[in-house]
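Here the structure is laid out as structure tokens; the discussion comes afterwards.
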Amino acid sequence: MIDISPSVMQFLLAFIVVAPLLGAAAALLPPPPGLKGRSPEQAVLRHGVTVTGVILAAAVALTLGFDHDAPSRFQATTDISWIQALNVRIHLGIDGISLPLLLMTALLFFLCALYSYFKLPAGPSPKAFVALLLVLESGTLATFAVLDLLLFFLAFEMVLIPMYFLIARWGGAQRQAAAWKFILYTLLGSVVMLLGLLLIGLNSGTFDMVALASDNGRGLTHTTQLLAVLAIGIGLAVKTPMWPLHSWLPDAHTAAPTVGSVLLAGVLLKMGTYGFVRILLPVTPDGMATFAPYLGALAAIGIVYGSLACLSLARKGNKGDLKRLIAYSSVGHMGFVLLGIASMTPTGVNGALFANIAHGLITGLLFFLVGALKDRYGTADLDTLAGATGAALYGRAPRLGVFLAFAAVASLGLPGLAGFWGEMLALFGAFDPAEGLSRPAFLTYMAMGAFGTLLTAAYLLIVVRRVCMGDPKAQSAAPAALADIQRYEFAAWTPLVALTVLAGLWPAVLLGLTDPAVQKLLAGGNA
């Protein structure tokens with residue numbers, strides 16, 4: 001920890017939320033004559049790298065100034081009256097739950113901007129691309145920083161339009177249909193969620209998330225809590241995505257450009273699970289306790305369903321798309337996050353938060369790698385990658401093959417890497433759920449989750465064998481050369497590899513932040 005004054009910390013957090021919007025507006029302006037470089041497009045792409053880099057630096061400074069001895073306390077807070085008639089305030093703050101998500105979001109956006117500088121997806125104006133990327137960043141960072149229910153909703157909705165256009169204008173085949181499906185699903189879920197947020201705010205007399213968490217549902221009747229959990233939970237479940245509200249995700253990932261898939265998996269899915277932890281667990285505990293067994297059941301089904309779908313796509317002859325396979329794997333991985341939340345225990349919720357970060361790092365890396373494969377081969381079809389690639393990646397682009405194998409074994413939860421701890425803690429939480437929850441039911445969910453880990457290992461190892469090793473019967477005598485990892489790819493991917501190893505070998509770095517905050521959250525702000 002570095003001693004930074006509260007006013008500077010307050011400025012840093014406000015800057016992190018607002019700066020991307022200012023950067024987006026600047027991206028649409030003509031570049032100054034001396035900064036055009038070789039072309040105006042290069043200048044605006046460099047602008048995107050610069051803005052996201054400055055925001056990442058501010059997020060790192062915020063992390064260094066964060067009081068790690070008091071992670072359960074909201075820090076860098078701003079609290080200004082905004083709409084007095086509704087008692088809505090511009091309330092910002094971070095604790096041990098939101099800080100890791102904020103930092104990961106800033107990192108992923110910087111890496112995506114850096115990657116796009118060298119590999120911009122085909123589409124309309126680069127100015128629009130950079131502006132949309134920065135608006136998307138502002139919305140995601142604000143979601144993890146705001147402490148007012150209506151501000152949370154505005155930030156939650158702010159990301160939809162930029163992501164829609166990134167898919168619809170810079171995506172691949174079927175991008176229009178995928179973009180429409182994404183926007184319709186998420187908008188419908190958000191409308192229902194808004195009703196739940198208004199129900200809480202109007203019945204309790206405040207939209208302040210800190211005050212509501214401290215009250216711990218005492219000011220809300222059981223019926224109000226049930227209705228609020230149902231309404232808000234639907235909106236959050238769509239964004240997570242939870243089975244069976246997941247069907248927009250595979251299409252969106254398959255059609256999205258590489259950086260769109262990275263951000264969708266690495267950041268946007270986390271907004272849904274974060275809402276469960278930040279709003280529903282502390283504000284409506286009785287309602288959550290009622291719905292927790294059903295949430296756990298849907299989470300367990302999602303784990304198994306996602307893994308079986310991936311196994312089907314990985315089989316030879318099924319024409320499985322590798323981007324689509326990783327999208328379905330996200331349904332399974334986010335099932336572990338929801339299972340940990342449904343347990344309503346510190347162990348389970350800590351596991352959910354850890355799995356959130358691990359999934360963002362690992363799946364972000366996987367989508368980067370699949371995007372690189374698609375750029376080189378012109379397709380992400382598994383049968384083409386496995387059957388017509390000669391000596392496959394180990395023989396043609398060994399470093400790329402090693403990166404893909406690493407990401408796959410990290411995703412299957414290999415001990416010593418980040419993916420292991422979150423899933424294990426989520427299963428431990430299901431083994432001994434909170435008081436009042438049915439232990440036999442959660443033991444069943446735990447068994448289903450454990451079975452899902454075996455299926456996950458199976459399909460990911462099949463993918464590695466087919467893509468990295470190829471089909472021996474189809475190998476040519478002299479496989480054509482394939483471009484291995486480029487310098488810009490190495491720069492964009494290495495931080496994700498390093499953090500995956502760090503979180504796997506030293507989980508206390510993350511758990512030391514989340515655990516005190518989770519303990520306080522589940523105790524109704526009294527811990």
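Chain labels run A, B, ... following the order of the structure tokens; each chain numbers its residues from 1, and ligands are numbered from 1 in the order shown.
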
So which residues touch Val409 in chain A within 12 Å, counting only C-alpha atoms, skipping near sequence neighbours fewer than 2 positions away, as a PyMOL selection string?
-> chain A and resi 362-363+366+402-407+411-420+453+456-465+497+500-501

Would you mind exporting C-alpha atoms of the selected residues as a PDB file, in the first residue's frame?
```
ATOM      1  CA  ILE A 362      -8.555 -17.323 -19.019  1.00  0.00           C
ATOM      2  CA  THR A 363     -11.506 -16.990 -21.385  1.00  0.00           C
ATOM      3  CA  LEU A 366      -8.836 -18.131 -25.196  1.00  0.00           C
ATOM      4  CA  VAL A 402       1.739 -23.795 -26.376  1.00  0.00           C
ATOM      5  CA  PHE A 403      -0.346 -20.712 -25.550  1.00  0.00           C
ATOM      6  CA  LEU A 404      -3.538 -22.496 -26.628  1.00  0.00           C
ATOM      7  CA  ALA A 405      -2.680 -25.606 -24.599  1.00  0.00           C
ATOM      8  CA  PHE A 406      -1.914 -23.439 -21.554  1.00  0.00           C
ATOM      9  CA  ALA A 407      -5.226 -21.592 -21.817  1.00  0.00           C
ATOM     10  CA  SER A 411      -9.783 -23.350 -18.221  1.00  0.00           C
ATOM     11  CA  LEU A 412     -10.284 -26.971 -17.149  1.00  0.00           C
ATOM     12  CA  GLY A 413      -9.209 -26.036 -13.608  1.00  0.00           C
ATOM     13  CA  LEU A 414      -5.707 -27.461 -13.354  1.00  0.00           C
ATOM     14  CA  PRO A 415      -4.372 -26.997  -9.781  1.00  0.00           C
ATOM     15  CA  GLY A 416      -1.780 -24.249  -9.649  1.00  0.00           C
ATOM     16  CA  LEU A 417      -3.664 -22.056 -12.105  1.00  0.00           C
ATOM     17  CA  ALA A 418      -6.435 -19.518 -11.480  1.00  0.00           C
ATOM     18  CA  GLY A 419      -9.312 -21.668 -12.724  1.00  0.00           C
ATOM     19  CA  PHE A 420      -8.887 -24.218  -9.947  1.00  0.00           C
ATOM     20  CA  THR A 453     -15.399 -30.552 -14.185  1.00  0.00           C
ATOM     21  CA  THR A 456     -14.786 -29.833 -19.026  1.00  0.00           C
ATOM     22  CA  ALA A 457     -11.453 -31.625 -18.902  1.00  0.00           C
ATOM     23  CA  ALA A 458     -12.669 -34.044 -21.579  1.00  0.00           C
ATOM     24  CA  TYR A 459     -13.725 -31.480 -24.189  1.00  0.00           C
ATOM     25  CA  LEU A 460     -10.775 -29.154 -23.640  1.00  0.00           C
ATOM     26  CA  LEU A 461      -8.269 -32.000 -23.968  1.00  0.00           C
ATOM     27  CA  ILE A 462     -10.047 -33.092 -27.148  1.00  0.00           C
ATOM     28  CA  VAL A 463      -9.701 -29.560 -28.496  1.00  0.00           C
ATOM     29  CA  VAL A 464      -5.981 -29.470 -27.649  1.00  0.00           C
ATOM     30  CA  ARG A 465      -5.406 -32.886 -29.219  1.00  0.00           C
ATOM     31  CA  VAL A 497      -0.873 -15.741 -18.722  1.00  0.00           C
ATOM     32  CA  THR A 500      -3.445 -16.697 -14.376  1.00  0.00           C
ATOM     33  CA  VAL A 501      -0.311 -18.254 -12.899  1.00  0.00           C
TER      34      VAL A 501
END
```

As a PDB file with N, CA and C atoms, in the first residue's frame, please: the residues near Pro440 in chain A (cut-off 10 Å, only C-alpha atoms, same-chain neighbours under 5 positions excluded).
```pdb
ATOM      1  N   ALA A 430     -21.231 -25.338  -1.849  1.00  0.00           N
ATOM      2  CA  ALA A 430     -22.407 -26.182  -2.048  1.00  0.00           C
ATOM      3  C   ALA A 430     -22.402 -27.379  -1.099  1.00  0.00           C
ATOM      4  N   PHE A 431     -21.230 -27.827  -0.705  1.00  0.00           N
ATOM      5  CA  PHE A 431     -21.130 -28.957   0.228  1.00  0.00           C
ATOM      6  C   PHE A 431     -21.724 -28.609   1.591  1.00  0.00           C
ATOM      7  N   ASP A 432     -21.582 -27.356   2.005  1.00  0.00           N
ATOM      8  CA  ASP A 432     -22.105 -26.933   3.311  1.00  0.00           C
ATOM      9  C   ASP A 432     -22.787 -25.575   3.138  1.00  0.00           C
ATOM     10  N   PRO A 433     -24.010 -25.561   2.592  1.00  0.00           N
ATOM     11  CA  PRO A 433     -24.686 -24.285   2.287  1.00  0.00           C
ATOM     12  C   PRO A 433     -25.120 -23.558   3.556  1.00  0.00           C
ATOM     13  N   TYR A 445     -26.251 -30.748  -6.257  1.00  0.00           N
ATOM     14  CA  TYR A 445     -25.683 -29.740  -7.152  1.00  0.00           C
ATOM     15  C   TYR A 445     -24.154 -29.845  -7.162  1.00  0.00           C
ATOM     16  N   MET A 446     -23.575 -30.107  -6.003  1.00  0.00           N
ATOM     17  CA  MET A 446     -22.120 -30.245  -5.921  1.00  0.00           C
ATOM     18  C   MET A 446     -21.652 -31.429  -6.773  1.00  0.00           C
TER      19      MET A 446
END
```

Can you tell me how far CA of Thr347 in chain A sits from CA of Ala498 in chain A, in Å to one decimal?
->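 Separation between CA of Thr347 in chain A and CA of Ala498 in chain A: 25.3 Å.
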
Near range 231-233 of chain A, counting only C-alpha atoms, which residues have an atom at most 9 Å away, once you skip same-chain residues fewer than 5 positions from it, shown as a ChimeraX atom specification?
-> /A:189-197,226,238,272,275-276,280

Near-Leu134 in chain A list (8 Å; only C-alpha atoms; drop same-chain fewer than 5 positions) as a list in words |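 Counting only C-alpha atoms, the residues come to Pro20, Leu21, Gly23, Ala24, Gly48 and Thr52 of chain A.
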
Restricting it to N, CA, C and O atoms, dump the selection as a PDB file, in the first residue's frame.
```pdb
ATOM      1  N   PRO A  20     -13.062   7.612 -19.898  1.00  0.00           N
ATOM      2  CA  PRO A  20     -13.357   6.952 -21.183  1.00  0.00           C
ATOM      3  C   PRO A  20     -14.391   7.704 -22.016  1.00  0.00           C
ATOM      4  O   PRO A  20     -14.284   7.723 -23.253  1.00  0.00           O
ATOM      5  N   LEU A  21     -15.378   8.342 -21.374  1.00  0.00           N
ATOM      6  CA  LEU A  21     -16.369   9.120 -22.124  1.00  0.00           C
ATOM      7  C   LEU A  21     -15.719  10.322 -22.789  1.00  0.00           C
ATOM      8  O   LEU A  21     -16.010  10.646 -23.954  1.00  0.00           O
ATOM      9  N   GLY A  23     -12.599  10.499 -23.600  1.00  0.00           N
ATOM     10  CA  GLY A  23     -11.769   9.935 -24.658  1.00  0.00           C
ATOM     11  C   GLY A  23     -12.579   9.553 -25.879  1.00  0.00           C
ATOM     12  O   GLY A  23     -12.115   9.709 -27.020  1.00  0.00           O
ATOM     13  N   ALA A  24     -13.805   9.038 -25.663  1.00  0.00           N
ATOM     14  CA  ALA A  24     -14.673   8.677 -26.784  1.00  0.00           C
ATOM     15  C   ALA A  24     -15.050   9.913 -27.589  1.00  0.00           C
ATOM     16  O   ALA A  24     -15.063   9.893 -28.829  1.00  0.00           O
ATOM     17  N   GLY A  48      -6.848   5.419 -28.764  1.00  0.00           N
ATOM     18  CA  GLY A  48      -7.513   4.398 -27.948  1.00  0.00           C
ATOM     19  C   GLY A  48      -6.556   3.703 -27.010  1.00  0.00           C
ATOM     20  O   GLY A  48      -6.877   3.470 -25.837  1.00  0.00           O
ATOM     21  N   THR A  52      -6.934   4.130 -22.849  1.00  0.00           N
ATOM     22  CA  THR A  52      -7.097   2.924 -22.018  1.00  0.00           C
ATOM     23  C   THR A  52      -5.859   2.677 -21.165  1.00  0.00           C
ATOM     24  O   THR A  52      -5.967   2.170 -20.045  1.00  0.00           O
TER      25      THR A  52
END
```

Neighbour list for Lys119 in chain A as a CSV table (one decimal) with C-alpha atoms, in the first residue's frame, cut-off 12 Å, only C-alpha atoms, skip fewer than 2 positions in-chain:
```
chain,number,residue,atom,x,y,z
A,42,GLN,CA,-3.4,5.1,-37.0
A,45,LEU,CA,-6.1,3.8,-32.8
A,111,LEU,CA,-5.0,-5.1,-24.1
A,112,CYS,CA,-7.9,-5.0,-26.5
A,113,ALA,CA,-7.0,-1.5,-27.6
A,114,LEU,CA,-3.4,-2.5,-28.0
A,115,TYR,CA,-4.4,-5.6,-30.1
A,116,SER,CA,-6.7,-3.5,-32.3
A,117,TYR,CA,-3.9,-1.0,-33.0
A,121,PRO,CA,-11.2,-5.8,-37.4
A,122,ALA,CA,-12.7,-5.1,-40.9
A,123,GLY,CA,-15.5,-2.7,-40.7
A,126,PRO,CA,-11.8,3.3,-36.9
A,257,PRO,CA,-14.9,-9.6,-33.6
A,258,THR,CA,-12.0,-10.9,-31.5
A,259,VAL,CA,-11.9,-8.0,-29.1
A,368,PHE,CA,-7.6,-13.8,-28.3
A,371,GLY,CA,-9.2,-14.9,-33.1
A,372,ALA,CA,-5.5,-15.4,-34.0
A,375,ASP,CA,-7.0,-14.8,-38.8
A,486,GLN,CA,3.7,-11.8,-33.4
A,487,ARG,CA,5.2,-9.3,-31.0
A,488,TYR,CA,1.9,-7.4,-30.5
A,489,GLU,CA,0.1,-10.7,-29.8
A,492,ALA,CA,-1.4,-8.5,-25.4
```

Residues flagged helix (DSSP H, G or I) by DSSP in range 284-420 of chain A, as a ChimeraX atom specification = /A:285-314,322-343,346-377,382-387,392-396,398-411,418-420

So which one's closest to Ile83 in chain A, A:Leu151, A:Leu187, A:Val210, A:Leu361? Using only C-alpha atoms, please.
-> A:Leu151

Pick out the residues sitting within 6 Å of range 59-72 of chain A, and hand them over as a PDB file with C-alpha atoms, in the first residue's frame; count only C-alpha atoms, and ignore anything fewer than 3 positions along from it in its own chain.
```pdb
ATOM      1  CA  MET A   1       0.000   0.000   0.000  1.00  0.00           C
ATOM      2  CA  ILE A   2       1.144   3.506  -0.888  1.00  0.00           C
ATOM      3  CA  ASP A   3      -0.070   6.400   1.226  1.00  0.00           C
ATOM      4  CA  ILE A   4      -2.376   8.380  -1.089  1.00  0.00           C
ATOM      5  CA  LEU A  56      -5.197   1.295 -16.459  1.00  0.00           C
ATOM      6  CA  ASP A  95     -14.201  -2.284  -1.661  1.00  0.00           C
ATOM      7  CA  GLY A  96     -12.493  -5.677  -1.822  1.00  0.00           C
ATOM      8  CA  LEU A 103      -8.635  -3.540 -12.266  1.00  0.00           C
ATOM      9  CA  LEU A 513      -9.354  -8.638  -0.623  1.00  0.00           C
ATOM     10  CA  PRO A 516     -13.437  -9.499   4.648  1.00  0.00           C
ATOM     11  CA  ALA A 517     -15.835  -7.698   2.292  1.00  0.00           C
TER      12      ALA A 517
END
```

Using only C-alpha atoms, determine which residues lie at most 7 Å from Asp381 in chain A, disregarding the query and same-chain residues fewer than 3 positions distant; provide the list as a JSON list (two decimals) with N, CA, C and O atoms, in the first residue's frame.
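That gives us part02.json:
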```json
[["chain", "number", "residue", "atom", "x", "y", "z"],
["A", 319, "LYS", "N", -18.64, -30.30, -37.30],
["A", 319, "LYS", "CA", -18.46, -28.94, -37.81],
["A", 319, "LYS", "C", -18.58, -27.90, -36.69],
["A", 319, "LYS", "O", -19.23, -26.86, -36.85],
["A", 320, "GLY", "N", -18.00, -28.22, -35.54],
["A", 320, "GLY", "CA", -18.08, -27.30, -34.42],
["A", 320, "GLY", "C", -17.19, -26.09, -34.60],
["A", 320, "GLY", "O", -16.04, -26.19, -35.05],
["A", 321, "ASP", "N", -17.71, -24.92, -34.30],
["A", 321, "ASP", "CA", -16.95, -23.68, -34.35],
["A", 321, "ASP", "C", -16.25, -23.48, -33.01],
["A", 321, "ASP", "O", -16.88, -23.56, -31.96],
["A", 322, "LEU", "N", -14.95, -23.22, -33.04],
["A", 322, "LEU", "CA", -14.18, -23.12, -31.80],
["A", 322, "LEU", "C", -14.63, -21.92, -30.96],
["A", 322, "LEU", "O", -14.65, -22.00, -29.72],
["A", 384, "THR", "N", -11.92, -28.30, -39.82],
["A", 384, "THR", "CA", -10.91, -27.74, -40.72],
["A", 384, "THR", "C", -9.58, -27.56, -40.01],
["A", 384, "THR", "O", -8.53, -27.91, -40.54],
["A", 385, "LEU", "N", -9.63, -27.03, -38.78],
["A", 385, "LEU", "CA", -8.40, -26.82, -38.02],
["A", 385, "LEU", "C", -7.69, -28.13, -37.73],
["A", 385, "LEU", "O", -6.46, -28.22, -37.75]]
```

Between A:Ile183, A:Met209, A:Ala131, A:Leu393, single out the one closest to Leu521 in chain A, counting only C-alpha atoms.
->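 Ranking A:Ile183, A:Met209, A:Ala131, A:Leu393 by distance to Leu521 in chain A, first place goes to A:Met209.
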
Would you please work out which residue, of A:Gly449, A:Pro285, A:Pro241, A:Gly422, is nearest to Gly436 in chain A when using only C-alpha atoms?
-> A:Pro285

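Comparing the minimum interatomic distances between Ala292 in chain A and each of A:Pro398, A:Gly260, A:Gly340, A:Gly266, counting only C-alpha atoms, we find that A:Gly340 sits nearest.
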